[in-house]
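One structure is given here, and the rest of the page talks about it.
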Number of protein chains: 2
Amino acid sequence: MTSTPTPIPLQTARPARADARRNYDLLVAAAREAFAEHGTDTSLEEIARRAGVGIGTLYRRFPNRTALLEAVYVDEIQSVCDRAYGFAEKLGPFDALAAWLRSFVGYSISKKSLAGELTVALGKNSEFFTACKVNVREAGELLLDAAKADGSVRPELELMDILRLVGGITMGREMDADQANRLLDIVLAGLKA
Amino acid sequence: MTSTPTPIPLQTARPARADARRNYDLLVAAAREAFAEHGTDTSLEEIARRAGVGIGTLYRRFPNRTALLEAVYVDEIQSVCDRAYGFAEKLGPFDALAAWLRSFVGYSISKKSLAGELTVALGKNSEFFTACKVNVREAGELLLDAAKADGSVRPELELMDILRLVGGITMGREMDADQANRLLDIVLAGLKA
DNA sequence: TACGATACGGAGGCTACCTCCGCTTTTTCA
DNA sequence: TGAAAAAGCGGAGGTAGCCTCCGTATCGTA
């Protein structure tokens, strides 16, 4: 039998020394701002500059762009996972699943290029994203199984397929919320038994 | 009233002078090879090197990576469009649409990263991609309208939405043919009336 | 306060992008 | 046919981003 996955608290290791911690926070703040303004392909040197920190400091703490993305978006990602439980309580099985997927798309669209990085990363093996995947999986499985049990979703569907499909929606550069929702409507119709 | 789009022959301007034409062909061949081996993010200098041509020559002919992609994939793209008419003749309305979408996904998957570039480009405005879009649109519209008339597809759906959704399927880096087909099954189910 | 541990920062090596322009090849036409 | 004009060639070099390395500075602790 397969063990039920347990939610793993997503967190990034904030350094111990005071100066290091200060720079860490400056960097994450600068990155969040820069990513929001210019997308996640802002140069790392620009981010270090904004943070008033040397490029070496940035690289010591965040060995690559993904590490920085992780730190910037931990909270948001966690909250996407958590939201599933709220929907499960308040809505019927299918509607809860639909609402969760819609909130996922809505979030991804608002963060533009993050969506791409994140969805691509769902296939990768970083420790962070593994934890993330476990959490997303547990949340999503809960909703999906309920909807299957309810008879509103076809039983042979797999969560990861659905997530991939929904993730794909958000990959288009020029996707607006309306279009994204129309696409999601098609997917939701496709899930129904 | 809106005029029916007419298929535009997709072609790239092969240069007039003999030496230029030779280099053009060398570059396209080298690029095709390199893209296949290492993905579409192969450096342009590497491609020039493979072609045995100066980097300046490459840039004179292909001002950017997309221009080169266009030249490499014209034929394939055109054949994706053309295939629609074959399916329309041989299959029932819904099956023709399904087959066309499946062939699109299959093609995209086999070309890996091209899919991403191409789908992103569907939202752009280069002359080439406009022509491409007109052709895809005409082909797709034919199939979609037939399926709507037939009552097998919901009448309110829009072609571009469907194409975006199907394009999204192919964006995941680590997508294999099986998974892609499963995702497409969901989409197809979602189209049905 | 003194000293080991930790962190800083930016110079510099590397690679890719792209432009510019002196030189070469091809084409044209008298 | 041969010389001028047109078209094309190619690579040096400027710019920018990635990332590493290591001499110097700061922090925490005893």
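Residue numbering restarts at 1 in every chain; chains get A, B, ... in the order shown in the structure tokens, and ligands count up from 1 in that same order.
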DSSP alpha helix (DSSP H) residues within chain B, listed as a PyMOL selection string: chain B and resi 18-38+44-51+55-61+65-90+93-110+113-121+127-149+159-169+177-191
Taking only residues of chain B that have an atom at most 8 Å from an atom of chain C, what is each one's shortest atom pair and its distance in Å to one decimal, using only C-alpha atoms (C1' of nucleotides), in chain and number order, as JSON lines?
```
{"residue": "B:Arg17", "atom": "CA", "partner": "C:DT26", "partner_atom": "C1'", "distance": 7.2}
{"residue": "B:Ala18", "atom": "CA", "partner": "C:DT26", "partner_atom": "C1'", "distance": 7.7}
{"residue": "B:Asp19", "atom": "CA", "partner": "C:DT26", "partner_atom": "C1'", "distance": 7.9}
{"residue": "B:Ser43", "atom": "CA", "partner": "C:DA16", "partner_atom": "C1'", "distance": 6.9}
{"residue": "B:Glu45", "atom": "CA", "partner": "C:DA16", "partner_atom": "C1'", "distance": 8.0}
{"residue": "B:Tyr59", "atom": "CA", "partner": "C:DC18", "partner_atom": "C1'", "distance": 7.9}
```
Restricting the output to N, CA and C atoms, write the selected residues as a PDB file, in the first residue's frame.
```pdb
ATOM      1  N   ARG B  17      21.221  36.139 -54.834  1.00  0.00           N
ATOM      2  CA  ARG B  17      22.585  35.868 -55.308  1.00  0.00           C
ATOM      3  C   ARG B  17      23.009  34.462 -54.967  1.00  0.00           C
ATOM      4  N   ALA B  18      23.799  33.865 -55.858  1.00  0.00           N
ATOM      5  CA  ALA B  18      24.137  32.446 -55.710  1.00  0.00           C
ATOM      6  C   ALA B  18      24.828  32.133 -54.389  1.00  0.00           C
ATOM      7  N   ASP B  19      25.849  32.898 -54.033  1.00  0.00           N
ATOM      8  CA  ASP B  19      26.576  32.610 -52.796  1.00  0.00           C
ATOM      9  C   ASP B  19      25.667  32.783 -51.586  1.00  0.00           C
ATOM     10  N   SER B  43      23.044  28.072 -29.417  1.00  0.00           N
ATOM     11  CA  SER B  43      23.506  29.430 -29.690  1.00  0.00           C
ATOM     12  C   SER B  43      23.641  29.650 -31.192  1.00  0.00           C
ATOM     13  N   GLU B  45      25.772  31.387 -32.716  1.00  0.00           N
ATOM     14  CA  GLU B  45      27.169  31.306 -33.137  1.00  0.00           C
ATOM     15  C   GLU B  45      27.524  29.849 -33.460  1.00  0.00           C
ATOM     16  N   TYR B  59      23.350  36.662 -39.151  1.00  0.00           N
ATOM     17  CA  TYR B  59      22.495  37.747 -38.673  1.00  0.00           C
ATOM     18  C   TYR B  59      21.953  38.601 -39.807  1.00  0.00           C
TER      19      TYR B  59
END
```
Can you check which parts of chain D lie within 8 Å of chain A? Per residue, the shortest pair of atoms and distance in Å to one decimal, counting only C-alpha atoms (C1' of nucleotides), sorted by chain and number, as JSON lines.
```
{"residue": "D:DG17", "atom": "C1'", "partner": "A:Ser43", "partner_atom": "CA", "distance": 6.8}
{"residue": "D:DC19", "atom": "C1'", "partner": "A:Tyr59", "partner_atom": "CA", "distance": 7.9}
{"residue": "D:DC27", "atom": "C1'", "partner": "A:Arg17", "partner_atom": "CA", "distance": 7.1}
```
Atomic distance atom CA of A:Gly39 - atom CA of B:Gly167, expressed in Å with one decimal: 21.9 Å
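Checking B:Ala16, B:Ile162, B:Ala177, B:Ala36 one by one against chain A, counting only C-alpha atoms, you find the shortest gap at B:Ile162.
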Residues near B:Ala29, cut-off 9 Å, only C-alpha atoms (C1' of nucleotides), skip fewer than 4 positions along chain, as an MDAnalysis selection string: chainID B and resid 24:25 33:34 51 72
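Put simply, atom CA of A:Glu158 is 25.3 Å away from atom CA of A:Val74.
Between atom CA of B:Ala13 and atom CA of B:Ala131 the interatomic distance comes to 14.0 Å.
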Neighbour list for A:Leu157 as a ChimeraX atom specification, cut-off 9 Å, only C-alpha atoms (C1' of nucleotides), skip fewer than 3 positions in-chain: /A:144,148,153-154,160-162,191 /B:182,186
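For B:Ala98, the set of protein, DNA and RNA residues having any atom at most 9 Å away, when counting only C-alpha atoms (C1' of nucleotides) and skipping those fewer than 6 positions along the same chain, is B:Leu184, B:Asp185, B:Leu188.
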